[in-house]
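Below: run10.tsv (TSV, C-alpha atoms)
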chain	number	residue	atom	x	y	z
A	974	MET	CA	-4.39	-2.05	38.57
A	975	SER	CA	-4.12	-2.07	42.35
A	976	ASP	CA	-1.89	-5.14	42.29
A	977	PHE	CA	0.78	-3.50	40.10
A	978	LYS	CA	4.30	-3.69	41.52
A	979	LYS	CA	7.16	-1.54	40.29
A	980	LYS	CA	10.45	-3.17	39.29
A	981	ASN	CA	13.84	-1.83	40.24
A	982	VAL	CA	16.64	-1.13	37.75
A	983	VAL	CA	18.20	-4.59	38.07
A	984	GLU	CA	14.87	-6.36	37.59
A	985	ARG	CA	14.15	-4.30	34.49
A	986	MET	CA	17.62	-4.91	33.08
A	987	PHE	CA	17.24	-8.70	33.30
A	988	SER	CA	13.63	-8.84	32.10
A	989	LYS	CA	12.94	-10.37	28.70
A	990	GLN	CA	11.90	-7.94	25.98
A	991	GLU	CA	8.22	-8.95	25.91
A	992	GLU	CA	8.03	-8.89	29.71
A	993	LEU	CA	9.61	-5.43	29.77
A	994	GLU	CA	7.21	-4.04	27.18
A	995	LYS	CA	4.24	-5.40	29.14
A	996	TYR	CA	5.70	-3.98	32.37
A	997	TYR	CA	5.87	-0.46	30.91
A	998	ARG	CA	2.35	-0.73	29.47
A	999	ASP	CA	1.11	-1.76	32.92
A	1000	LEU	CA	3.11	1.07	34.52
A	1001	ARG	CA	1.53	3.64	32.20
A	1002	LYS	CA	-1.95	2.28	32.92
A	1003	TYR	CA	-1.26	2.28	36.68
A	1004	GLU	CA	-0.14	5.91	36.59
A	1005	PHE	CA	-3.14	6.84	34.44
A	1006	ASP	CA	-5.68	5.05	36.65
A	1007	ASN	CA	-4.21	6.60	39.79
A	1008	ASN	CA	-3.81	10.08	38.26
A	1009	VAL	CA	-0.13	10.20	39.16
A	1010	PRO	CA	0.95	13.85	38.92
A	1011	ILE	CA	3.44	15.08	36.32
A	1012	LYS	CA	6.89	14.92	37.89
A	1013	LYS	CA	8.46	18.02	36.30
A	1014	SER	CA	7.22	21.52	35.49
A	1015	ARG	CA	7.47	23.51	32.27
A	1016	GLU	CA	10.21	25.61	33.89
A	1017	TYR	CA	12.30	22.50	34.53
A	1018	TYR	CA	12.19	21.45	30.86
A	1019	ASP	CA	12.88	25.04	29.76
A	1020	LYS	CA	16.14	24.89	31.70
A	1021	LYS	CA	17.07	21.49	30.21
A	1022	TYR	CA	16.23	22.45	26.64
A	1023	LYS	CA	19.54	24.10	25.73
A	1024	LEU	CA	21.41	21.07	27.03
A	1025	THR	CA	19.29	18.64	25.00
A	1026	GLN	CA	19.90	20.75	21.90
A	1027	LYS	CA	23.66	20.46	22.38
A	1028	ILE	CA	23.46	16.70	22.97
A	1029	PHE	CA	21.36	16.04	19.88
A	1030	ALA	CA	23.55	18.35	17.77
A	1031	ALA	CA	26.53	16.26	18.88
A	1032	GLU	CA	24.63	13.10	17.87
A	1033	LEU	CA	24.37	14.37	14.28
A	1034	LEU	CA	28.09	15.16	13.92
A	1035	PRO	CA	29.32	11.62	13.05
A	1036	TYR	CA	26.69	11.43	10.31
A	1037	GLY	CA	27.58	14.83	8.85
A	1038	ILE	CA	23.93	15.92	9.17
A	1039	SER	CA	23.04	19.61	9.23
A	1040	VAL	CA	19.69	21.24	10.04
A	1041	LYS	CA	18.29	24.51	8.67
A	1042	LYS	CA	15.11	26.41	9.48
A	1043	HIS	CA	13.40	27.63	6.30
A	1044	LYS	CA	10.31	29.43	7.59
A	1045	ASP	CA	8.86	30.30	10.98
A	1046	LEU	CA	5.43	31.96	11.13
A	1047	ARG	CA	4.90	31.45	14.87
A	1048	THR	CA	4.19	34.47	17.05
A	1049	LEU	CA	6.63	35.37	19.80
A	1050	GLU	CA	3.89	35.40	22.42
A	1051	ARG	CA	3.02	32.09	23.97
A	1052	PRO	CA	-0.31	32.54	25.79
A	1053	LYS	CA	-1.12	28.81	25.55
A	1054	PRO	CA	0.83	25.56	25.15
A	1055	ARG	CA	1.40	24.33	21.61
A	1056	VAL	CA	0.77	21.01	19.93
A	1057	TYR	CA	3.37	20.65	17.19
A	1058	ALA	CA	1.98	18.50	14.34
A	1059	VAL	CA	5.10	17.50	12.39
A	1060	THR	CA	5.61	15.48	9.22
A	1061	HIS	CA	7.49	12.21	9.76
A	1062	VAL	CA	10.17	11.72	7.11
A	1063	GLY	CA	13.06	9.71	8.49
A	1064	ARG	CA	15.79	8.93	10.97
A	1065	PHE	CA	16.68	12.43	12.19
A	1066	ASP	CA	13.43	14.39	11.90
A	1067	ILE	CA	12.97	14.44	15.69
A	1068	GLU	CA	16.47	15.86	16.12
A	1069	ALA	CA	15.73	18.43	13.39
A	1070	SER	CA	12.66	19.52	15.31
A	1071	ILE	CA	14.53	19.80	18.63
A	1072	LEU	CA	17.30	21.90	17.07
A	1073	THR	CA	14.95	24.38	15.35
A	1074	ARG	CA	11.87	24.57	17.55
A	1075	GLY	CA	13.32	26.92	20.17
A	1076	GLU	CA	11.29	25.51	23.07
A	1077	PRO	CA	10.83	22.08	24.70
A	1078	ALA	CA	8.01	19.75	23.77
A	1079	THR	CA	6.86	16.38	25.06
A	1080	PHE	CA	7.23	13.73	22.35
A	1081	LEU	CA	4.71	11.00	21.70
A	1082	TRP	CA	7.03	8.05	21.03
A	1083	GLY	CA	5.41	5.01	19.42
A	1084	ASP	CA	6.68	1.49	20.02
A	1085	PRO	CA	9.85	2.25	22.01
A	1086	GLY	CA	10.79	-1.47	22.07
A	1087	LYS	CA	14.52	-1.90	22.65
A	1088	LEU	CA	14.77	1.70	23.84
A	1089	TYR	CA	13.70	0.51	27.29
A	1090	LYS	CA	17.13	-1.06	27.85
A	1091	SER	CA	19.10	1.60	26.01
A	1092	PRO	CA	21.10	4.37	27.71
A	1093	GLU	CA	19.41	6.69	25.20
A	1094	LYS	CA	16.23	6.43	27.30
A	1095	LEU	CA	17.86	8.64	29.95
A	1096	LEU	CA	18.40	11.33	27.31
A	1097	ILE	CA	14.88	10.98	25.92
A	1098	ASN	CA	13.44	11.38	29.42
A	1099	MET	CA	14.93	14.89	29.41
A	1100	LEU	CA	12.65	15.88	26.51
A	1101	PRO	CA	10.36	14.36	28.03
A	1102	ALA	CA	8.60	11.56	26.11
A	1103	ILE	CA	5.27	9.78	26.29
A	1104	PHE	CA	5.52	6.16	25.15
A	1105	ALA	CA	2.73	4.09	23.58
A	1106	ASP	CA	2.57	0.70	21.89
A	1107	THR	CA	0.69	1.37	18.67
A	1108	LYS	CA	-0.81	-2.11	18.49
A	1109	ASP	CA	-2.35	-1.86	21.97
A	1110	ARG	CA	-5.62	0.13	21.88
A	1111	GLU	CA	-5.68	0.71	25.63
A	1112	ASP	CA	-2.09	1.92	25.68
A	1113	CYS	CA	-2.82	4.32	22.81
A	1114	HIS	CA	-5.80	5.69	24.73
A	1115	VAL	CA	-3.61	6.19	27.80
A	1116	GLY	CA	-1.03	7.93	25.58
A	1117	LEU	CA	-3.66	10.34	24.19
A	1118	GLN	CA	-5.02	11.17	27.65
A	1119	THR	CA	-1.49	11.70	28.93
A	1120	MET	CA	-0.78	14.19	26.13
A	1121	ILE	CA	-3.94	16.08	27.07
A	1122	LYS	CA	-2.85	16.04	30.71
A	1123	TYR	CA	0.58	17.44	29.80
A	1124	ALA	CA	-0.97	20.18	27.66
A	1125	ARG	CA	-3.27	21.18	30.52
A	1126	HIS	CA	-0.14	21.57	32.65
A	1127	ASN	CA	1.29	24.09	30.16
A	1128	LEU	CA	3.67	21.66	28.44
A	1129	ASN	CA	4.08	21.65	24.66
A	1130	ILE	CA	3.44	18.44	22.73
A	1131	HIS	CA	5.22	17.06	19.66
A	1132	ILE	CA	3.27	14.51	17.64
A	1133	ASN	CA	3.75	12.97	14.18
A	1134	PRO	CA	0.08	12.55	13.20
A	1135	GLU	CA	0.87	10.47	10.09
A	1136	GLY	CA	1.52	7.56	12.46
A	1137	ALA	CA	4.79	6.40	10.89
A	1138	TRP	CA	7.55	7.45	8.49
A	1139	ASN	CA	6.18	8.63	5.17
A	1140	VAL	CA	7.62	6.17	2.65
A	1141	MET	CA	5.05	7.05	-0.03
A	1142	PRO	CA	6.66	9.40	-2.59
A	1143	ASN	CA	3.33	10.40	-4.13
A	1144	ASN	CA	1.89	11.58	-0.80
A	1145	VAL	CA	3.38	14.86	0.37
A	1146	VAL	CA	1.67	14.19	3.71
A	1147	MET	CA	-0.04	10.89	4.46
A	1148	PRO	CA	-3.56	10.85	5.94
A	1149	ILE	CA	-3.25	12.01	9.54
A	1150	TYR	CA	-4.89	10.75	12.71
A	1151	ASP	CA	-6.98	12.89	15.03
A	1152	GLY	CA	-4.73	12.80	18.10
A	1153	ALA	CA	-3.10	16.18	17.47
A	1154	VAL	CA	-6.41	18.01	17.13
A	1155	LYS	CA	-8.03	16.15	20.05
A	1156	THR	CA	-5.06	16.95	22.30
A	1157	ALA	CA	-5.15	20.62	21.37
A	1158	ILE	CA	-8.92	21.01	21.85
A	1159	GLU	CA	-9.09	19.14	25.16
A	1160	GLY	CA	-5.75	20.46	26.39
A	1161	ASN	CA	-6.61	24.11	25.59
A	1162	ALA	CA	-3.58	24.41	23.30
A	1163	ASP	CA	-2.80	25.96	19.93
A	1164	ILE	CA	-1.70	23.77	17.02
A	1165	VAL	CA	1.48	24.52	15.10
A	1166	PRO	CA	1.72	22.72	11.72
A	1167	ALA	CA	5.33	21.87	10.87
A	1168	ALA	CA	7.05	20.22	7.92
A	1169	ILE	CA	10.43	18.60	7.42
A	1170	VAL	CA	12.26	17.38	4.32
A	1171	PHE	CA	15.81	16.25	3.79
A	1172	TYR	CA	18.05	16.22	0.76
A	1173	GLY	CA	21.45	14.65	0.99
A	1174	LYS	CA	22.69	15.35	4.50
A	1175	THR	CA	20.60	18.46	5.20
A	1176	TYR	CA	17.24	18.59	6.95
A	1177	TYR	CA	15.01	21.61	6.28
A	1178	VAL	CA	12.24	22.63	8.70
A	1179	SER	CA	9.30	25.04	8.43
A	1180	TYR	CA	6.81	26.11	11.10
A	1181	GLY	CA	3.38	27.47	10.23
A	1182	LYS	CA	1.24	29.99	12.06
A	1183	GLU	CA	-0.51	28.80	15.22
A	1184	ILE	CA	-4.03	27.49	14.78
A	1185	ASN	CA	-6.33	28.67	17.57
A	1186	THR	CA	-8.57	25.83	18.78
A	1187	SER	CA	-10.72	27.79	21.24
A	1188	SER	CA	-13.73	27.71	18.89
A	1189	MET	CA	-13.21	24.10	17.75
A	1190	HIS	CA	-15.39	21.20	18.87
A	1191	LEU	CA	-14.58	17.50	19.08
A	1192	GLU	CA	-17.54	16.54	16.89
A	1193	ASP	CA	-15.77	18.33	14.02
A	1194	VAL	CA	-12.38	16.71	14.65
A	1195	LYS	CA	-12.25	15.04	11.22
A	1196	LYS	CA	-12.80	18.36	9.44
A	1197	HIS	CA	-10.18	20.12	11.57
A	1198	SER	CA	-7.69	17.28	11.02
A	1199	ALA	CA	-8.19	17.53	7.25
A	1200	MET	CA	-7.49	21.28	7.42
A	1201	LEU	CA	-4.39	20.63	9.53
A	1202	ARG	CA	-3.13	18.13	6.96
A	1203	ASP	CA	-3.57	20.77	4.25
A	1204	GLU	CA	-1.45	23.22	6.27
A	1205	MET	CA	1.28	20.60	6.79
A	1206	ALA	CA	1.21	19.65	3.10
A	1207	THR	CA	1.51	23.29	2.01
A	1208	LEU	CA	4.57	23.80	4.21
A	1209	ARG	CA	6.20	20.59	3.00
A	1210	TRP	CA	5.43	21.30	-0.65
A	1211	GLU	CA	7.16	24.67	-0.34
A	1212	LEU	CA	10.24	22.92	1.03
A	1213	ILE	CA	10.18	20.40	-1.80
A	1214	GLU	CA	9.96	23.16	-4.38
A	1215	GLU	CA	12.81	25.07	-2.78
A	1216	TYR	CA	15.30	22.31	-2.03
A	1217	SER	CA	14.59	19.30	-4.25
A	1218	GLY	CA	17.32	20.33	-6.68
A	1219	SER	CA	15.00	21.66	-9.34
A	1220	LYS	CA	11.88	23.79	-9.20
A	1221	VAL	CA	8.68	21.75	-9.25
A	1222	LYS	CA	6.67	22.86	-12.27
A	1223	ASP	CA	3.17	21.70	-11.39
A	1224	SER	CA	1.04	19.96	-8.79
A	1225	GLU	CA	1.27	16.67	-10.70
A	1226	SER	CA	4.93	16.27	-9.80
A	1227	ILE	CA	6.29	13.77	-7.32
A	1228	TYR	CA	9.45	15.29	-5.91
A	1229	THR	CA	11.59	15.52	-9.07
A	1230	VAL	CA	9.84	12.73	-11.02
A	1231	THR	CA	6.76	13.65	-13.06
A	1232	ARG	CA	3.85	11.28	-13.51
A	1233	GLN	CA	4.50	11.15	-17.25
A	1234	GLU	CA	7.87	9.59	-16.49
A	1235	LEU	CA	6.43	6.84	-14.32
A	1236	VAL	CA	6.96	3.94	-16.69
A	1237	PRO	CA	7.61	0.80	-14.59
A	1238	LYS	CA	11.40	0.80	-14.76
A	1239	THR	CA	11.78	4.54	-14.19
A	1240	TYR	CA	9.33	4.49	-11.30
A	1241	GLN	CA	10.97	1.50	-9.60
A	1242	GLU	CA	14.37	3.13	-9.83
A	1243	ALA	CA	13.06	6.47	-8.52
A	1244	TYR	CA	11.12	4.77	-5.73
A	1245	GLN	CA	14.12	2.71	-4.66
A	1246	GLN	CA	16.29	5.82	-4.57
A	1247	PHE	CA	13.63	7.51	-2.45
A	1248	ILE	CA	13.49	4.58	0.00
A	1249	ASP	CA	17.29	4.27	0.14
A	1250	SER	CA	17.60	7.96	1.02
A	1251	ILE	CA	15.19	7.48	3.94
A	1252	MET	CA	16.63	4.23	5.26
A	1253	LYS	CA	20.36	4.89	4.84
A	1254	ASP	CA	20.97	6.06	8.43
A	1255	THR	CA	18.69	3.60	10.24
A	1256	GLU	CA	20.12	1.23	12.81
A	1257	ASN	CA	19.38	-2.26	14.20
A	1258	ASP	CA	18.21	-3.51	10.77
A	1259	TYR	CA	15.17	-1.22	10.94
A	1260	GLY	CA	13.36	-1.53	7.61
A	1261	LEU	CA	10.09	-1.08	5.73
A	1262	GLU	CA	8.50	-4.08	7.45
A	1263	ASP	CA	9.21	-2.49	10.84
A	1264	ILE	CA	7.61	0.77	9.67
A	1265	GLU	CA	4.43	-1.05	8.65
A	1266	ARG	CA	4.45	-3.26	11.75
A	1267	THR	CA	4.64	-0.27	14.11
A	1268	ARG	CA	2.43	2.09	12.10
A	1269	TYR	CA	-0.30	3.51	14.31
A	1270	LYS	CA	-3.84	2.45	13.44
A	1271	ASP	CA	-6.92	3.89	15.09
A	1272	LYS	CA	-10.21	2.04	15.53
A	1273	TYR	CA	-11.30	3.05	12.02
A	1274	THR	CA	-8.19	1.66	10.32
A	1275	ARG	CA	-8.66	-1.81	8.95
A	1276	ASP	CA	-6.10	-4.45	8.07
A	1277	LEU	CA	-5.62	-5.45	4.44
A	1278	GLU	CA	-7.02	-8.94	5.11
A	1279	GLU	CA	-10.28	-7.47	6.45
A	1280	VAL	CA	-10.64	-5.23	3.39
A	1281	GLU	CA	-9.97	-8.14	1.03
A	1282	ASN	CA	-12.59	-10.30	2.79
A	1283	ASP	CA	-15.17	-7.52	2.53
A	1284	LEU	CA	-14.38	-7.02	-1.16
A	1285	GLU	CA	-14.72	-10.73	-1.84
A	1286	GLU	CA	-18.08	-10.76	-0.07
A	1287	TYR	CA	-19.22	-7.73	-2.09
A	1288	ILE	CA	-18.18	-9.38	-5.35
A	1289	GLN	CA	-20.18	-12.49	-4.44
A	1290	SER	CA	-23.23	-10.34	-3.61
A	1291	TYR	CA	-23.06	-8.09	-6.71
A	1292	PRO	CA	-21.35	-10.04	-9.49
A	1293	GLY	CA	-23.13	-8.02	-12.20
A	1294	PHE	CA	-21.36	-4.86	-11.14
A	1295	PHE	CA	-17.91	-6.42	-11.62
A	1296	LEU	CA	-18.84	-8.26	-14.81
A	1297	ALA	CA	-20.20	-5.13	-16.48
A	1298	SER	CA	-18.75	-3.89	-19.74
A	1299	SER	CA	-16.28	-1.03	-19.66
A	1300	GLU	CA	-18.99	1.37	-20.83
A	1301	ARG	CA	-21.44	0.32	-18.11
A	1302	PHE	CA	-18.71	0.45	-15.48
A	1303	ALA	CA	-17.81	3.98	-16.59
A	1304	ASN	CA	-21.49	4.92	-16.25
A	1305	TYR	CA	-21.53	3.56	-12.69
A	1306	VAL	CA	-18.51	5.66	-11.80
A	1307	ASP	CA	-19.99	8.75	-13.47
A	1308	ILE	CA	-23.26	8.35	-11.55
A	1309	CYS	CA	-21.38	8.02	-8.26
A	1310	ASN	CA	-19.35	11.14	-9.01
A	1311	ARG	CA	-22.45	13.13	-9.91
A	1312	CYS	CA	-24.19	11.98	-6.72
A	1313	ASP	CA	-21.21	13.20	-4.72
A	1314	GLU	CA	-21.31	16.55	-6.50
A	1315	ILE	CA	-25.06	16.95	-5.88
A	1316	LEU	CA	-24.77	16.03	-2.21
A	1317	GLY	CA	-21.82	18.36	-1.82
A	1318	THR	CA	-23.73	21.23	-3.45
A	1319	LEU	CA	-26.76	20.64	-1.24
A	1320	GLU	CA	-24.58	20.53	1.88
A	1321	ASN	CA	-22.80	23.76	0.94
A	1322	TYR	CA	-26.14	25.44	0.26
A	1323	ARG	CA	-27.60	24.20	3.54
A	1324	THR	CA	-24.64	25.39	5.65
A	1325	SER	CA	-24.35	28.76	3.89
A	1326	HIS	CA	-28.08	29.54	4.17
A	1327	THR	CA	-28.81	28.18	7.64
A	1328	GLU	CA	-29.12	31.62	9.19
A	1329	GLN	CA	-31.17	33.10	6.35
A	1330	ILE	CA	-33.81	30.36	6.05
A	1331	GLU	CA	-36.55	30.43	8.69
A	1332	PRO	CA	-37.49	27.20	10.44
A	1333	LEU	CA	-40.31	25.24	8.80
A	1334	GLU	CA	-42.68	25.94	11.72
A	1335	LYS	CA	-42.42	29.74	11.28
A	1336	ARG	CA	-42.85	29.52	7.52
A	1337	LEU	CA	-45.96	27.36	8.02
A	1338	ILE	CA	-47.45	29.91	10.45
A	1339	LYS	CA	-46.83	32.73	7.96
A	1340	TYR	CA	-48.45	30.71	5.17
A	1341	LYS	CA	-51.53	30.04	7.27
A	1342	GLN	CA	-51.78	33.71	8.19
A	1343	SER	CA	-51.55	34.76	4.54
A	1344	LYS	CA	-54.39	32.36	3.67
A	1345	GLY	CA	-56.47	33.24	6.68
A	1346	ILE	CA	-56.19	29.71	8.05
A	1347	HIS	CA	-56.48	29.28	11.79

Can the structure in the file be given as structure tokens, please?
Amino acid sequence: MSDFKKKNVVERMFSKQEELEKYYRDLRKYEFDNNVPIKKSREYYDKKYKLTQKIFAAELLPYGISVKKHKDLRTLERPKPRVYAVTHVGRFDIEASILTRGEPATFLWGDPGKLYKSPEKLLINMLPAIFADTKDREDCHVGLQTMIKYARHNLNIHINPEGAWNVMPNNVVMPIYDGAVKTAIEGNADIVPAAIVFYGKTYYVSYGKEINTSSMHLEDVKKHSAMLRDEMATLRWELIEEYSGSKVKDSESIYTVTRQELVPKTYQEAYQQFIDSIMKDTENDYGLEDIERTRYKDKYTRDLEEVENDLEEYIQSYPGFFLASSERFANYVDICNRCDEILGTLENYRTSHTEQIEPLEKRLIKYKQSKGIH
């Protein structure tokens, strides 16, 4: 983008919202293409960290919000930068992280929108923050590469790999995207799983043990991301058990509502209470539609309309499958499950015996020798 021209403060202030959002996307791409160096060092943000903690603590005072650290398994040594993979639960989870983390971290901030014209942007720049429009694939790519660049310059990263607020009460942690693991592997950083919950006006935070990525490879990023999600879910489940108001009795529980209690009326009431607790402190009419609109989607994530079209096409192609009796349909499902089990068993056997089993060529040579074949 050699023709890119920077705008001054006045020009940005009087730009329309869509123009401003495009301007910042173009600015990020310009800086990426031209490898613009990082303006501040780790030492600079270390010095600013205490100040940002005080500012964000003051922000919580009018709301009566308090923050408590429940568990911290991190080591005191910090040989490498850290990528903090944090659950995304609501309005003040970023503040809860800042107040308990004990060190600065660069935030990946999705869809900043009106923040561009807000005085709050000056405060957020002290963190610092990396912005990305989640609906723009190129901007998301630039955001990922910028996180890697920051990590390589010894700066910590904070990312919410679920892609949006978790408004699904039956998912302790939603499926996570690969950005956290990719950033850590390519940025030579450790990963710190972290979990946050809130009950009433108190946010509770836990930090897991660092995950060393030095032996990880990008081709296994899906496997590593799944393991990271398990670590985040374990931390969050412990918080739910401890602070939900009553001890959770079994893994079939959803917060304090068991699946056996999920008759339509009870579930709707419980779900609405859950949503109300999340949305009560939001501003600027931010709601569930905004969460879904700004939710990050990678290249593998498909819109509902695409899925519905594919399903309709499949039904047209295989009507017998969908018209089958209940018994036949159950048989289909059972066969699929058994195939999965067989394939899984074979894969486990293959991976666990790779070193013990000789290559086919060597076994063939031995066989020929035993039979006197030349």

- prompt: Contacts of Lys978 (chain A) at 10 Å or less, counting all atoms listed in the file, minus same-chain residues fewer than 4 places along, as JSON, numbers by chain?
  reply: {"A": [974, 996, 999, 1000, 1003]}

File of the preceding selection, C-alpha atoms, as a compact mmCIF listing (two decimals), in the frame of the given file:
# COMPACT_ATOMS: atom_id res chain seq x y z
CA MET A 974 -4.39 -2.05 38.57
CA TYR A 996 5.70 -3.98 32.37
CA ASP A 999 1.11 -1.76 32.92
CA LEU A 1000 3.11 1.07 34.52
CA TYR A 1003 -1.26 2.28 36.68

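Omitting Leu1212 (chain A) and its sequence neighbours fewer than 5 positions away, and counting only C-alpha atoms, the residues within 8 Å are His1043, Ile1169, Val1170, Tyr1177, Val1178, Ser1179 and Ser1217 of chain A.
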
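In this model, the gap between CA of Glu991 (chain A) and CA of Ile1149 (chain A) comes to 29.0 Å.
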
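The space separating CA of Ala1069 (chain A) from CA of Ile1028 (chain A) comes to 12.4 Å.
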
Find the nearest atom pair between each residue of region 1045-1104 of chain A and region 979-987 of chain A for residues within 12 Å, count all atoms listed in the file, give distances in Å to one decimal, sort rows by chain and ascending number, and present the table as a Markdown table.
| residue | atom | partner | partner_atom | distance |
| --- | --- | --- | --- | --- |
| A:Lys1087 | CA | A:Met986 | CA | 11.3 |
| A:Leu1088 | CA | A:Met986 | CA | 11.7 |
| A:Tyr1089 | CA | A:Arg985 | CA | 8.7 |
| A:Lys1090 | CA | A:Met986 | CA | 6.5 |
| A:Ser1091 | CA | A:Met986 | CA | 9.7 |
| A:Pro1092 | CA | A:Met986 | CA | 11.3 |

In the coordinates of the file, take the point (0.3, 16.3, 28.6) and a cut-off of 10 Å; then, counting only C-alpha atoms, name each qualifying protein, DNA or RNA residue as a PDB file with C-alpha atoms, in the frame of the given file.
ATOM      1  CA  ILE A1011       3.440  15.080  36.320  1.00  0.00           C
ATOM      2  CA  PRO A1054       0.830  25.560  25.150  1.00  0.00           C
ATOM      3  CA  VAL A1056       0.770  21.010  19.930  1.00  0.00           C
ATOM      4  CA  ALA A1078       8.010  19.750  23.770  1.00  0.00           C
ATOM      5  CA  THR A1079       6.860  16.380  25.060  1.00  0.00           C
ATOM      6  CA  PHE A1080       7.230  13.730  22.350  1.00  0.00           C
ATOM      7  CA  LEU A1081       4.710  11.000  21.700  1.00  0.00           C
ATOM      8  CA  ALA A1102       8.600  11.560  26.110  1.00  0.00           C
ATOM      9  CA  ILE A1103       5.270   9.780  26.290  1.00  0.00           C
ATOM     10  CA  GLY A1116      -1.030   7.930  25.580  1.00  0.00           C
ATOM     11  CA  LEU A1117      -3.660  10.340  24.190  1.00  0.00           C
ATOM     12  CA  GLN A1118      -5.020  11.170  27.650  1.00  0.00           C
ATOM     13  CA  THR A1119      -1.490  11.700  28.930  1.00  0.00           C
ATOM     14  CA  MET A1120      -0.780  14.190  26.130  1.00  0.00           C
ATOM     15  CA  ILE A1121      -3.940  16.080  27.070  1.00  0.00           C
ATOM     16  CA  LYS A1122      -2.850  16.040  30.710  1.00  0.00           C
ATOM     17  CA  TYR A1123       0.580  17.440  29.800  1.00  0.00           C
ATOM     18  CA  ALA A1124      -0.970  20.180  27.660  1.00  0.00           C
ATOM     19  CA  ARG A1125      -3.270  21.180  30.520  1.00  0.00           C
ATOM     20  CA  HIS A1126      -0.140  21.570  32.650  1.00  0.00           C
ATOM     21  CA  ASN A1127       1.290  24.090  30.160  1.00  0.00           C
ATOM     22  CA  LEU A1128       3.670  21.660  28.440  1.00  0.00           C
ATOM     23  CA  ASN A1129       4.080  21.650  24.660  1.00  0.00           C
ATOM     24  CA  ILE A1130       3.440  18.440  22.730  1.00  0.00           C
ATOM     25  CA  THR A1156      -5.060  16.950  22.300  1.00  0.00           C
ATOM     26  CA  GLY A1160      -5.750  20.460  26.390  1.00  0.00           C
TER      27      GLY A1160
END

query: Nearest to Ala1206 (chain A) among A:Leu1034, A:Ile1184, A:Ile1315, A:Val1145, with distances taken over all atoms listed in the file: which residue is it?
result: A:Val1145

task: Counting all atoms listed in the file, select every polymer residue within 7 Å of (15.8, 14.0, 9.2) as defined in the file's coordinates, and provide the selection as an NGL selection string.
output: :A and (1062-1066 or 1069 or 1170-1171 or 1176)

Could those selected residues go to a file with C-alpha atoms, as a JSON list (two decimals), in the coordinates of the input?
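The resulting selection_34.json:
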[["chain", "number", "residue", "atom", "x", "y", "z"],
["A", 1062, "VAL", "CA", 10.17, 11.72, 7.11],
["A", 1063, "GLY", "CA", 13.06, 9.71, 8.49],
["A", 1064, "ARG", "CA", 15.79, 8.93, 10.97],
["A", 1065, "PHE", "CA", 16.68, 12.43, 12.19],
["A", 1066, "ASP", "CA", 13.43, 14.39, 11.90],
["A", 1069, "ALA", "CA", 15.73, 18.43, 13.39],
["A", 1170, "VAL", "CA", 12.26, 17.38, 4.32],
["A", 1171, "PHE", "CA", 15.81, 16.25, 3.79],
["A", 1176, "TYR", "CA", 17.24, 18.59, 6.95]]
